[in-house]
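Notes follow once the structure below has been shown.
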Amino acid sequence: MSDSNAPYYFLEANAVSVTVSVSKSGDVDSQRTFKVTEGTKVEIDNQPASAADIKGGMVGFITTAVDGKTATAISAHDPNKH
């Protein structure tokens with residue numbers, strides 16, 4: 001498994017994939033899309049959730065399978081929530 005040390009900026013998400021950027025600006029060159037499966041553990045603000053609950057603008061981390069393309073765990077939070 002691999003994961004990023006820097007947070008990802010979520011651009012869009014649905015039940016089968018999440019698209020993120022490694023930069024706040026969301027430049028096309030910094031975007032990556034990860035596959036989401038039934039086994040992907042998703043948390044939003046430390047609460048169980050589904051990938052479809054992730055909203056653009058959220059920030060978080062993704063742990064990937066060995067293939068580097070499938071998310072095994074996603075942890076997201078809304079930086080505007082206090």
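Residues are referred to by chain and number: the chain letter is A, B, ... according to the order shown in the structure tokens, the number counts from 1 in that chain, and ligands are numbered separately from 1 in the order shown.
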
Check your understanding: Out of stretch 10-44 of chain A, which residues get strand (DSSP E) from DSSP, as a list in words?
Key -> Phe10, Leu11, Glu12, Ala13, Ser17, Val18, Thr19, Val20, Ser21, Gln31, Arg32, Thr33, Phe34, Lys35, Val36, Thr37, Glu38, Gly39, Thr40, Lys41, Val42, Glu43 and Ile44 of chain A

Practice item. May I have the residues within 10 Å of A:Gln47 as a PyMOL selection string, using only C-alpha atoms and disregarding those fewer than 6 positions away in the same chain? Key: chain A and resi 75-77

Kindly save the residues from that selection, with all heavy atoms included, as a CSV table (one decimal), in the first residue's frame.
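Full text of selection.csv as output:
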chain,number,residue,atom,x,y,z
A,75,SER,N,-9.8,9.4,3.9
A,75,SER,CA,-10.1,10.2,5.0
A,75,SER,C,-10.2,11.7,4.6
A,75,SER,O,-9.2,12.3,4.1
A,75,SER,CB,-9.0,10.1,6.1
A,75,SER,OG,-9.2,11.0,7.2
A,76,ALA,N,-11.4,12.2,4.7
A,76,ALA,CA,-11.6,13.6,4.2
A,76,ALA,C,-12.2,14.5,5.3
A,76,ALA,O,-12.9,14.0,6.2
A,76,ALA,CB,-12.6,13.6,3.0
A,77,HIS,N,-12.0,15.8,5.1
A,77,HIS,CA,-12.7,16.7,6.0
A,77,HIS,C,-12.9,18.0,5.3
A,77,HIS,O,-12.3,18.3,4.3
A,77,HIS,CB,-11.9,17.0,7.3
A,77,HIS,CG,-10.6,17.8,7.1
A,77,HIS,ND1,-9.4,17.3,6.7
A,77,HIS,CD2,-10.4,19.1,7.3
A,77,HIS,CE1,-8.5,18.2,6.6
A,77,HIS,NE2,-9.1,19.4,6.9

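Nearest to A:Thr33 of all the residues A:Asn46, A:Gly57, A:Ala71, A:Pro7 is A:Ala71, counting only C-alpha atoms.
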
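Among A:Lys35, A:Lys55, A:Lys41, A:Lys69, the residue with the shortest atom-to-atom distance to A:Ala13, counting only C-alpha atoms, is A:Lys55.
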
Review point. Pick the closest to A:Ala6 from A:Thr64, A:Ala51, A:Arg32, A:Val59: which is it, counting only C-alpha atoms?
Key: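 Of A:Thr64, A:Ala51, A:Arg32, A:Val59, the one nearest A:Ala6, counting only C-alpha atoms, is A:Val59.
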
Point to revise | Given only C-alpha atoms as the counted atoms, nearest of A:Val66, A:Met58, A:Val16, A:Ala73 to A:Asp45 | key: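 With only C-alpha atoms as the atom set, the closest residue is A:Met58.
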
**Study point:** Residues near A:Ile54, cut-off 10 Å, only C-alpha atoms, skip fewer than 5 positions along chain, as a list of chain:residue names
**Key:** A:Phe10, A:Leu11, A:Glu12, A:Ala13, A:Asn14, A:Ala15, A:Val18, A:Val42, A:Glu43, A:Ile44, A:Ala49, A:Val59, A:Ile74, A:Ser75, A:Ala76, A:His77, A:Asp78

**Study point:** Length of the atom CA of A:Gln31 to atom CA of A:Tyr8 vector [Å]
**Key:**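 Distance reported for this atom pair: 9.4 Å.
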
Check your understanding: From the set A:Lys81, A:Thr19, A:Asp53, A:Thr72, which residue has the shortest atom-to-atom contact distance to A:Phe34, counting only C-alpha atoms?
Key ->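 Using only C-alpha atoms, A:Phe34 sits closest to A:Thr19.
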